[in-house]
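Data block below; observations after.
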Amino acid sequence: MTTYEFFRWVTFPIMPTHLVTVRNDIKRLLKLSSKKPSVLDVGGRKSPYTIHLPMDVTLLDVPQESGTRETLNLGFTEDILSTIQKKRSNIKNLVIQDMTKSNLPDESYDAVVCIEVIEHVEEDDVFVKNISKVINTNGWAYFTTPNGDYIKNEGPNKNPDHVRHYTRADLKALLEKYFTNVDVHYAVKTGKYRVQGLKSFSVSRPWSTLKSIVSNIINRFQSKGVEDTAKETAHLIAIAYK
């Protein structure tokens, strides 16, 4: 375990609800495998969700370009790749590629993780099709994305890098085109505790940090049992089995 991984491991319990939920879901999915699985983390440039989990991870992301991606610090650069390899012990490969133009071999991974990425993709049908192709038979894909049944990407607060926000029905219909069994549900209660919990921790702001930690714990309890609650939930989570 690297120093970075140890720090992440120690602080996971006080992190935002979305991060904890995703990590726990992935841990449960890993138990379906009789061996250490190979997992493609699409858009996982700085993904904390798979840190030090028992899997061989290949990180895939688009090259960072000028414009919106650079401004929002999205995508891969050679410097970022080098830094990640030093921090993460389960990173086996790094791929700079657009998944909509993927040339990865068919059935080359046991699973795919795609966290808060699909809403950025213009050609989402091709994107999902290519993800399905690289997964072995009986493998799975795990997606999260903003809850379009409640959070609309429009108006003055529109995220310029989001192409769309999916409704539960729309996301399920898209995934069912390429996967045999799909579950889509809501996750993470919205509100002041979620917002406060998303604020970064800092030793120079101990009171703010403490409020964020407490807010995350409260939001964790608020978010229990919201899987079928469209209103006031922040995310959709989809698990698709091939």
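In the structure tokens, chains take the letters A, B, ... in the order shown, each chain's residues start at 1, and ligands count up from 1 in the order shown.
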Excluding Tyr142 (chain A) and residues on its chain fewer than 3 positions from it, collect all residues at most 12 Å away from it, counting only C-alpha atoms, and give them as a PyMOL selection string.
chain A and resi 22-23+25-30+39-42+49-50+110-118+128+131-132+135+139+145+175+179+182-185+236-242
Using DSSP secondary structure from the backbone, list all alpha helix (DSSP H) positions within region 6-225 of chain A, as a count of residues only.
77
Could you give me, as a PyMOL selection string, each residue of region 18-142 of chain A that DSSP assigns to strand (DSSP E or B) when run on this structure's backbone?
chain A and resi 38-42+56-61+63+76+91-96+109-115+135-142
Give me, as number ranges by chain, all polymer residues having an atom no more than 9 Å from Gln222 (chain A), counting only C-alpha atoms and skipping those fewer than 4 positions away in the same chain.
A: 188-190, 217-218, 226
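Taking CA of Val214 (chain A) as the reference point, CA of Ile151 (chain A) is found at 24.5 Å.
Residue nearest Ile213 (chain A), chosen from A:Val10, A:Val95, A:Leu60, A:Met15 and counting only C-alpha atoms: A:Met15.
Taking CA of Ser102 (chain A) and CA of Phe127 (chain A) as endpoints, the distance between them is 8.7 Å.
Picture a line from CA of Ser89 (chain A) to CA of Thr58 (chain A); it runs 11.7 Å.
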For Lys177 (chain A), work out the shell of residues within 9 Å, counting only C-alpha atoms and skipping chain neighbours fewer than 5 positions away, then give it as a PyMOL selection string.
chain A and resi 125+128-129+172
Nearby residues (only C-alpha atoms) at most 9 Å from Pro37 (chain A), same-chain spacing under 3 positions excluded, as a list in words
Leu30, Ser33, Ser34, Pro54, Met55, Asp56, Val57, Tyr109, Asp110 and Ala111 of chain A
Tell me, as a PDB file with C-alpha atoms, in the first residue's frame, which residues lie within 10 Å of Pro13 (chain A), counting only C-alpha atoms; anything in the same chain fewer than 3 positions away does not count.
ATOM      1  CA  ARG A   8      -7.291   7.404   1.119  1.00  0.00           C
ATOM      2  CA  TRP A   9      -8.104   4.175   2.986  1.00  0.00           C
ATOM      3  CA  VAL A  10      -8.078   5.933   6.354  1.00  0.00           C
ATOM      4  CA  PRO A  16     -18.855  12.229   0.398  1.00  0.00           C
ATOM      5  CA  THR A  17     -21.706   9.730   0.121  1.00  0.00           C
ATOM      6  CA  LEU A  19     -17.709   8.129  -3.300  1.00  0.00           C
ATOM      7  CA  VAL A  20     -18.442   5.747  -0.410  1.00  0.00           C
ATOM      8  CA  ILE A 213     -17.125  15.468   7.776  1.00  0.00           C
ATOM      9  CA  ASN A 216     -21.055  13.518   4.996  1.00  0.00           C
ATOM     10  CA  ILE A 217     -22.007  11.233   7.868  1.00  0.00           C
ATOM     11  CA  ARG A 220     -24.914   8.890   4.400  1.00  0.00           C
TER      12      ARG A 220
END
Excluding Asp106 (chain A) and its own-chain neighbours fewer than 3 positions away, which residues fall within 8 Å of it when counting only C-alpha atoms? Please give them as a list of chain:residue names.
A:Lys133, A:Val134, A:Ile135, A:Asn136
I need the chosen residues saved as a short mmCIF file (atom, residue, chain, number, x, y, z; two decimals), in the first residue's frame, with C-alpha atoms.
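Result went into again-v2.cif, see below:
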data_model
loop_
_atom_site.label_atom_id
_atom_site.label_comp_id
_atom_site.auth_asym_id
_atom_site.auth_seq_id
_atom_site.Cartn_x
_atom_site.Cartn_y
_atom_site.Cartn_z
CA LYS A 133 -17.68 -5.28 -26.48
CA VAL A 134 -14.59 -5.22 -24.27
CA ILE A 135 -16.30 -7.04 -21.38
CA ASN A 136 -16.02 -10.80 -21.06
#
